[in-house]
Structures are given as C-alpha cells and as structure tokens.
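Okay, start_16.csv is below, CSV, C-alpha atoms (C1' of nucleotides):
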```
chain,number,residue,atom,x,y,z
A,1408,MET,CA,0.0,0.0,0.0
A,1409,ASP,CA,2.5,2.6,1.1
A,1410,ALA,CA,5.5,3.2,-1.1
A,1411,ALA,CA,7.9,3.5,1.8
A,1412,GLU,CA,6.9,0.1,3.1
A,1413,LEU,CA,7.0,-1.5,-0.3
A,1414,PHE,CA,10.5,-0.3,-1.2
A,1415,LYS,CA,11.8,-1.0,2.3
A,1416,ALA,CA,10.5,-4.6,1.9
A,1417,LEU,CA,12.3,-5.0,-1.4
A,1418,SER,CA,15.6,-3.6,-0.2
A,1419,ASP,CA,16.7,-6.7,1.6
A,1420,PRO,CA,18.3,-9.6,-0.3
A,1421,THR,CA,16.9,-12.2,2.1
A,1422,ARG,CA,13.4,-10.9,1.6
A,1423,ARG,CA,13.8,-10.9,-2.2
A,1424,THR,CA,14.9,-14.6,-2.0
A,1425,ILE,CA,11.8,-15.3,0.1
A,1426,LEU,CA,9.7,-13.8,-2.7
A,1427,ASP,CA,11.5,-16.0,-5.2
A,1428,GLU,CA,10.9,-19.1,-3.0
A,1429,LEU,CA,7.1,-18.3,-2.7
A,1430,GLN,CA,6.9,-17.8,-6.4
A,1431,ARG,CA,8.4,-21.3,-6.9
A,1432,SER,CA,6.1,-22.8,-4.4
A,1433,ASP,CA,3.2,-20.7,-3.0
A,1434,GLY,CA,1.6,-21.2,0.3
A,1435,GLN,CA,4.5,-22.4,2.4
A,1436,THR,CA,4.8,-22.2,6.2
A,1437,LEU,CA,7.5,-20.4,8.1
A,1438,PHE,CA,9.4,-23.7,8.8
A,1439,GLU,CA,9.2,-24.7,5.1
A,1440,ILE,CA,10.6,-21.4,4.0
A,1441,CYS,CA,13.4,-21.6,6.6
A,1442,GLY,CA,14.3,-25.1,5.3
A,1443,ARG,CA,14.3,-24.0,1.7
A,1444,LEU,CA,16.4,-20.9,2.3
A,1445,ILE,CA,19.1,-22.9,4.1
A,1446,MET,CA,19.1,-26.0,1.8
A,1447,LYS,CA,18.7,-24.5,-1.6
A,1448,HIS,CA,19.6,-20.8,-1.3
A,1449,GLY,CA,22.5,-21.3,1.1
A,1450,LEU,CA,21.3,-18.8,3.6
A,1451,SER,CA,21.8,-19.4,7.3
A,1452,SER,CA,19.0,-17.4,8.8
A,1453,SER,CA,17.2,-18.2,12.0
A,1454,ARG,CA,13.5,-18.8,12.3
A,1455,GLN,CA,13.0,-15.5,14.1
A,1456,ALA,CA,14.9,-13.6,11.4
A,1457,ILE,CA,12.7,-15.1,8.6
A,1458,SER,CA,9.6,-14.5,10.7
A,1459,GLN,CA,10.5,-10.8,10.9
A,1460,HIS,CA,11.2,-10.7,7.2
A,1461,LEU,CA,7.8,-12.2,6.5
A,1462,ALA,CA,6.2,-9.6,8.7
A,1463,VAL,CA,7.8,-6.8,6.7
A,1464,LEU,CA,6.7,-8.4,3.4
A,1465,GLU,CA,3.2,-8.7,4.7
A,1466,GLU,CA,3.1,-5.0,5.8
A,1467,ALA,CA,4.2,-4.1,2.3
A,1468,GLY,CA,1.3,-6.2,0.9
A,1469,LEU,CA,3.7,-8.5,-1.0
A,1470,VAL,CA,2.8,-11.5,1.1
A,1471,THR,CA,-0.6,-12.5,2.4
A,1472,THR,CA,-1.2,-15.1,5.1
A,1473,ARG,CA,-3.8,-17.8,5.9
A,1474,ARG,CA,-4.1,-19.5,9.2
A,1475,GLU,CA,-5.1,-23.2,9.6
A,1476,GLY,CA,-4.7,-24.5,13.1
A,1477,ARG,CA,-1.1,-24.2,14.2
A,1478,TYR,CA,0.0,-23.6,10.6
A,1479,LYS,CA,0.3,-20.3,8.9
A,1480,PHE,CA,0.6,-20.3,5.1
A,1481,HIS,CA,2.3,-17.5,3.2
A,1482,HIS,CA,1.2,-16.4,-0.3
A,1483,LEU,CA,2.9,-14.2,-2.8
A,1484,ASP,CA,1.0,-11.1,-4.1
A,1485,THR,CA,2.9,-9.2,-6.7
A,1486,SER,CA,0.2,-6.6,-7.4
A,1487,PRO,CA,1.9,-3.9,-5.2
A,1488,LEU,CA,4.7,-4.0,-7.8
A,1489,ARG,CA,2.4,-2.4,-10.3
A,1490,SER,CA,2.7,0.9,-8.5
A,1491,ILE,CA,6.4,1.0,-9.3
A,1492,VAL,CA,6.0,0.9,-13.1
A,1493,GLU,CA,3.0,3.2,-12.9
A,1494,ARG,CA,5.1,5.8,-11.0
A,1495,TRP,CA,8.1,5.5,-13.4
A,1496,PRO,CA,6.9,4.1,-16.7
A,1497,ILE,CA,9.5,2.0,-18.4
A,1498,ASN,CA,11.3,3.4,-21.4
A,1499,ASP,CA,11.9,1.6,-24.6
A,1500,ASP,CA,15.5,0.8,-25.2
B,1223,MET,CA,22.4,-3.8,-13.6
B,1224,ASP,CA,22.8,-5.5,-10.2
B,1225,ALA,CA,19.6,-6.2,-8.3
B,1226,ALA,CA,21.1,-5.3,-4.9
B,1227,GLU,CA,22.2,-1.8,-6.2
B,1228,LEU,CA,18.8,-1.3,-7.9
B,1229,PHE,CA,16.7,-2.0,-4.8
B,1230,LYS,CA,19.1,-0.2,-2.5
B,1231,ALA,CA,18.8,2.9,-4.7
B,1232,LEU,CA,15.0,2.7,-4.6
B,1233,SER,CA,14.9,2.2,-0.8
B,1234,ASP,CA,15.4,5.8,0.1
B,1235,PRO,CA,12.5,8.3,-0.1
B,1236,THR,CA,14.8,11.2,-1.1
B,1237,ARG,CA,16.2,9.2,-4.0
B,1238,ARG,CA,12.7,8.3,-5.1
B,1239,THR,CA,11.8,12.0,-5.1
B,1240,ILE,CA,14.8,12.7,-7.2
B,1241,LEU,CA,13.5,10.2,-9.8
B,1242,ASP,CA,10.1,12.0,-9.7
B,1243,GLU,CA,11.8,15.3,-10.2
B,1244,LEU,CA,13.9,14.0,-13.2
B,1245,GLN,CA,10.8,12.5,-14.7
B,1246,ARG,CA,9.1,15.9,-14.5
B,1247,SER,CA,12.1,17.7,-16.0
B,1248,ASP,CA,14.9,15.6,-17.4
B,1249,GLY,CA,18.5,16.7,-17.7
B,1250,GLN,CA,18.9,18.8,-14.6
B,1251,THR,CA,22.1,19.8,-12.9
B,1252,LEU,CA,22.9,19.0,-9.2
B,1253,PHE,CA,22.0,22.6,-8.2
B,1254,GLU,CA,18.8,22.6,-10.1
B,1255,ILE,CA,17.7,19.4,-8.4
B,1256,CYS,CA,18.7,20.8,-5.0
B,1257,GLY,CA,16.6,23.9,-5.6
B,1258,ARG,CA,13.6,21.9,-6.7
B,1259,LEU,CA,13.8,19.5,-3.8
B,1260,ILE,CA,13.9,22.3,-1.3
B,1261,MET,CA,11.3,24.6,-3.0
B,1262,LYS,CA,8.7,22.2,-4.3
B,1263,HIS,CA,9.2,19.0,-2.3
B,1264,GLY,CA,9.9,20.6,1.0
B,1265,LEU,CA,13.1,18.6,1.6
B,1266,SER,CA,16.0,20.3,3.3
B,1267,SER,CA,18.9,18.3,2.0
B,1268,SER,CA,22.4,19.7,1.5
B,1269,ARG,CA,24.1,19.7,-1.8
B,1270,GLN,CA,26.5,17.0,-0.7
B,1271,ALA,CA,23.7,14.7,0.4
B,1272,ILE,CA,21.9,15.1,-3.0
B,1273,SER,CA,25.2,14.4,-4.8
B,1274,GLN,CA,25.7,11.2,-2.9
B,1275,HIS,CA,22.1,10.2,-3.7
B,1276,LEU,CA,22.7,10.8,-7.4
B,1277,ALA,CA,25.8,8.7,-7.3
B,1278,VAL,CA,23.8,5.8,-5.8
B,1279,LEU,CA,21.1,6.2,-8.5
B,1280,GLU,CA,23.8,6.3,-11.2
B,1281,GLU,CA,25.4,3.1,-9.9
B,1282,ALA,CA,22.0,1.4,-10.1
B,1283,GLY,CA,21.7,2.6,-13.7
B,1284,LEU,CA,18.5,4.6,-12.9
B,1285,VAL,CA,20.3,7.9,-13.7
B,1286,THR,CA,22.8,8.6,-16.5
B,1287,THR,CA,25.0,11.7,-16.6
B,1288,ARG,CA,26.3,14.0,-19.3
B,1289,ARG,CA,29.2,16.4,-18.8
B,1290,GLU,CA,29.3,19.8,-20.5
B,1291,GLY,CA,32.0,22.1,-19.2
B,1292,ARG,CA,31.4,22.7,-15.5
B,1293,TYR,CA,27.9,21.4,-15.7
B,1294,LYS,CA,26.8,17.8,-15.2
B,1295,PHE,CA,23.3,16.9,-16.4
B,1296,HIS,CA,21.3,14.1,-15.0
B,1297,HIS,CA,19.0,11.9,-17.0
B,1298,LEU,CA,16.4,9.4,-15.8
B,1299,ASP,CA,16.6,5.8,-17.2
B,1300,THR,CA,13.7,3.6,-16.0
B,1301,SER,CA,14.8,0.6,-18.0
B,1302,PRO,CA,16.4,-1.2,-14.9
B,1303,LEU,CA,12.9,-1.3,-13.4
B,1304,ARG,CA,12.0,-3.9,-16.0
B,1305,SER,CA,14.0,-6.5,-14.2
B,1306,ILE,CA,11.6,-6.2,-11.2
B,1307,VAL,CA,8.4,-7.1,-13.1
B,1308,GLU,CA,10.4,-9.8,-15.0
B,1309,ARG,CA,11.5,-11.4,-11.8
B,1310,TRP,CA,8.1,-11.3,-10.2
B,1311,PRO,CA,5.4,-11.0,-12.9
B,1312,ILE,CA,2.4,-9.0,-11.7
B,1313,ASN,CA,-0.8,-10.9,-11.0
B,1314,ASP,CA,-4.2,-9.9,-12.3
B,1315,ASP,CA,-6.4,-8.6,-9.5
C,448,DT,C1',-2.7,-34.1,30.7
C,449,DT,C1',1.9,-34.0,29.1
C,450,DG,C1',5.0,-33.3,25.6
C,451,DA,C1',6.3,-31.8,21.0
C,452,DC,C1',5.5,-28.6,17.3
C,453,DA,C1',4.4,-24.0,14.9
C,454,DG,C1',4.7,-19.5,15.7
C,455,DG,C1',4.8,-14.7,18.4
C,456,DC,C1',6.8,-10.9,21.3
C,457,DA,C1',10.3,-7.8,22.9
C,458,DA,C1',14.7,-6.1,24.4
C,459,DG,C1',19.6,-5.8,23.2
C,460,DT,C1',23.5,-5.6,19.8
C,461,DG,C1',26.4,-4.9,15.7
C,462,DG,C1',26.8,-3.3,11.1
C,463,DT,C1',25.1,-0.4,7.6
C,464,DT,C1',23.9,4.1,5.7
C,465,DA,C1',22.4,8.9,5.3
C,466,DC,C1',24.2,13.1,6.5
C,467,DT,C1',27.4,16.6,7.8
C,468,DT,C1',31.8,19.0,7.7
C,469,DG,C1',35.9,20.5,5.5
C,470,DC,C1',38.8,20.7,1.9
C,471,DA,C1',40.0,20.1,-3.1
C,472,DT,C1',39.5,20.4,-8.3
C,473,DA,C1',37.9,22.3,-12.5
C,474,DT,C1',35.5,25.5,-15.5
C,475,DA,C1',34.0,30.1,-16.7
C,476,DA,C1',33.3,35.0,-15.9
C,477,DA,C1',35.3,39.6,-14.6
D,153,DT,C1',45.0,36.5,-13.3
D,154,DT,C1',41.7,36.8,-9.8
D,155,DT,C1',37.0,35.4,-8.4
D,156,DA,C1',32.8,33.0,-8.5
D,157,DT,C1',30.6,28.8,-9.9
D,158,DA,C1',29.7,23.7,-10.2
D,159,DT,C1',31.1,19.7,-8.6
D,160,DG,C1',34.1,16.0,-6.2
D,161,DC,C1',36.3,13.5,-2.2
D,162,DA,C1',36.9,11.7,2.3
D,163,DA,C1',36.5,11.3,7.3
D,164,DG,C1',33.4,11.5,11.2
D,165,DT,C1',28.7,11.0,13.4
D,166,DA,C1',24.0,9.6,14.4
D,167,DA,C1',20.1,7.0,13.3
D,168,DC,C1',18.3,2.9,11.4
D,169,DC,C1',17.9,-2.0,10.6
D,170,DA,C1',18.8,-7.0,10.6
D,171,DC,C1',19.8,-10.3,13.7
D,172,DT,C1',20.1,-12.7,18.1
D,173,DT,C1',18.5,-14.1,22.5
D,174,DG,C1',15.1,-15.5,25.7
D,175,DC,C1',10.6,-16.3,27.0
D,176,DC,C1',5.6,-16.8,25.9
D,177,DT,C1',1.2,-18.5,23.5
D,178,DG,C1',-1.5,-21.7,21.0
D,179,DT,C1',-2.4,-26.3,18.6
D,180,DC,C1',-2.2,-31.2,18.1
D,181,DA,C1',-0.7,-36.0,19.2
D,182,DA,C1',0.3,-39.6,22.6
```

Can you give me the file's structure in the form of structure tokens?
Amino acid sequence: MDAAELFKALSDPTRRTILDELQRSDGQTLFEICGRLIMKHGLSSSRQAISQHLAVLEEAGLVTTRREGRYKFHHLDTSPLRSIVERWPINDD
Amino acid sequence: MDAAELFKALSDPTRRTILDELQRSDGQTLFEICGRLIMKHGLSSSRQAISQHLAVLEEAGLVTTRREGRYKFHHLDTSPLRSIVERWPINDD
DNA sequence: TTGACAGGCAAGTGGTTACTTGCATATAAA
DNA sequence: TTTATATGCAAGTAACCACTTGCCTGTCAA
C-alpha cells in the first residue's frame, strides 16, 4: 500500500529470496521457508529472522497469510509492484 | 544492472523524489535538483547529500550523466525497473 | 494431561547508511 | 589572473535495521 513500506521490503536480499521461493512454491509455512532458504539458497537465517522478514513483506502487501490450526501459510502477491511501473513508466531501449 | 544496487537505490525516499523530479524535468544539474527538492518537495537536503544520492542512483543505472563544461546533467533511465516485473510477474487482480 | 510442534513478542547488539563537515578540483566569468 | 561557480572527495557522526536471545502462547498428538 505505502510506497515506503514497499521499497523497504524489497531492499533486503533475504526478503527478495523469500519472494523467489514463494513464487516457486506458493503457500509455504515459516518452517518450510526456513528449510528451503538454508538448503537450496545457502542462507543461514534463524527462524526469528525469517519471521521478521515475512512480517515486513506482509506489511508491504507482497505476502498474504492464511491460518489453519497451528500452521500459517504464506502467499505471494505481486500486485503492489504495479505501483512502481505506474510511477516511473519503463522506457523503450 | 545489479539487483542489490537497484533496490538499494530505490529504498530511500529522497532518491525516489529525485527520480520523480527528473521525470518531471529531465537533464537537470545538481544545483537545479537541490533547488527543486527544497522549494517544491519541502526537503532540506544539503548539496553533498543530494550528490551522494545521485551517485547511488547512477550506480543502479537509474540515472545517467552527461558532462558539459562545469555542468553535469542528470537523466532518468527507467529501464532497470523492467528487471523487477520480469523477476516477479504482476498478478491480475 | 503431558509433551512436541508451529509460531509470536520484545529487548539488546552490531553493522550499515544517510548526513554533515571541511577541503580540493575544474570551468568560466570579470 | 583573480574570483565565483559547479562539482568531487573523504573522514566522522548519528540513526536505522537485521539479527540474536530468551521467553511466551496456541495447537495437536500420545
């Protein structure tokens, strides 16, 4: 929603990797994301660190969540990115 | 070119305002940009601060420069933004 | 009910970064 | 040649941010 929160969310490389991972497989839980980041992306981030990153992404509207029992599933929403190309239309090369 | 530099450049509100200002009027000098930011956008940034912001934007490829004598003109280039929507295609609402 | 599992909250810490300050370089006008 | 103009460089400072640490809440299985 807010431009500041959107760009702040995108400014961190770990958060961008989380978006990549959710794009590959949408609807993952916190623990699933942690495992994938360590295994495949070679990142050694703690559960708390990833949790805080997901909160930032959710504030920016890039990630939505869905609760089911003790599980919380995370979904990618790329629609806030539209505001970027609307603000600065992309030139032809 | 590099994703880290691109998102880092976009993460600062003053730098985003500079992009807005260059979109309004392309090819401004450092002093012109300083004046506009103070006058119209209500920002009280020093010349050195703006100069450093422009260097970050130039490293990210969002601003190109052209020297003419003691003047240096700054031009907006939005093409690096294409990599964002290519990395995370925008969903339909 | 007890234990394991999934996640949340909050204070403290280290590194990054935006900004200032002071000086330097280069071009153009007087 | 002086002087003003336009910009560049580099060290120091203060605020911000990612991360850790420790403890707490809620859910489900045994």

Between D:DT179, D:DT154, D:DG174, D:DG160, single out the one closest to DA473 (chain C), counting all atoms listed in the file.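 Looking only at the distances to DA473 (chain C), the closest residue turns out to be D:DG160.
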
Given the choices D:DC180, D:DC175, D:DA156, D:DA163, which gets closest to chain A if the distance is worked out from all atoms listed in the file?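 Result for the nearest residue to chain A: D:DC180.
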
What lies within 12 Å of DG459 (chain C) using only C-alpha atoms (C1' of nucleotides), ignoring chain neighbours under 6 positions off, as a ChimeraX atom specification? /D:171-174

Any idea what's packed within 12 Å of Ala1411 (chain A), counting all atoms listed in the file, ignoring anything in its chain fewer than 6 positions away? Could you give it as a ChimeraX atom specification? /A:1417-1418,1463,1466-1468,1487,1490-1491 /B:1232-1239

Using all atoms listed in the file, determine which residues of chain B fall within 9 Å of chain D; present them as JSON, numbers by chain. {"B": [1251, 1252, 1253, 1273, 1292, 1293, 1294]}

Between B:Asp1242, B:Arg1304, B:Ala1231, B:Arg1309, which residue has the minimum interatomic distance to Glu1280 (chain B), considering all atoms listed in the file?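 Going through B:Asp1242, B:Arg1304, B:Ala1231, B:Arg1309 one by one, the smallest distance to Glu1280 (chain B) is for B:Ala1231.
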
Could you give me, as a Markdown table, a per-residue list for chain C showing, wherever an atom lies at most 10 Å from an atom of chain B, the closest pair of atoms and their distance in Å to one decimal, using only C-alpha atoms (C1' of nucleotides) and sorting by chain then residue number from low to high?
```
| residue | atom | partner | partner_atom | distance |
| --- | --- | --- | --- | --- |
| C:DA465 | C1' | B:Ala1271 | CA | 7.7 |
| C:DC466 | C1' | B:Ala1271 | CA | 6.3 |
| C:DT467 | C1' | B:Ala1271 | CA | 8.5 |
| C:DA473 | C1' | B:Arg1292 | CA | 7.2 |
| C:DT474 | C1' | B:Arg1292 | CA | 5.0 |
| C:DA475 | C1' | B:Arg1292 | CA | 7.9 |
```

Suppose we keep C-alpha atoms (C1' of nucleotides); can you now write the selection as an mmCIF file, in the coordinates of the input?
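Result file follows (selection_7.cif):
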```
data_model
loop_
_atom_site.group_PDB
_atom_site.id
_atom_site.type_symbol
_atom_site.label_atom_id
_atom_site.label_comp_id
_atom_site.auth_asym_id
_atom_site.auth_seq_id
_atom_site.Cartn_x
_atom_site.Cartn_y
_atom_site.Cartn_z
ATOM 1 C "C1'" DA C 465 22.400 8.900 5.300
ATOM 2 C "C1'" DC C 466 24.200 13.100 6.500
ATOM 3 C "C1'" DT C 467 27.400 16.600 7.800
ATOM 4 C "C1'" DA C 473 37.900 22.300 -12.500
ATOM 5 C "C1'" DT C 474 35.500 25.500 -15.500
ATOM 6 C "C1'" DA C 475 34.000 30.100 -16.700
#
```

Kindly assemble as a Markdown table a list of the chain A residues that lie within 6 Å of chain B, each paired with its nearest atom pair and their distance in Å to one decimal, using all atoms listed in the file, sorted first by chain and then by ascending residue number.
```
| residue | atom | partner | partner_atom | distance |
| --- | --- | --- | --- | --- |
| A:Phe1414 | CA | B:Ser1233 | CA | 5.1 |
| A:Lys1415 | CA | B:Ser1233 | CA | 5.4 |
| A:Ser1418 | CA | B:Phe1229 | CA | 5.0 |
| A:Thr1485 | CA | B:Ile1312 | CA | 5.0 |
| A:Ser1486 | CA | B:Ile1312 | CA | 5.4 |
| A:Ile1497 | CA | B:Thr1300 | CA | 5.1 |
| A:Asn1498 | CA | B:Ser1301 | CA | 5.6 |
```

For C1' of DA477 (chain C) and CA of Arg1288 (chain B), the interatomic separation in Å (one decimal): 27.5 Å
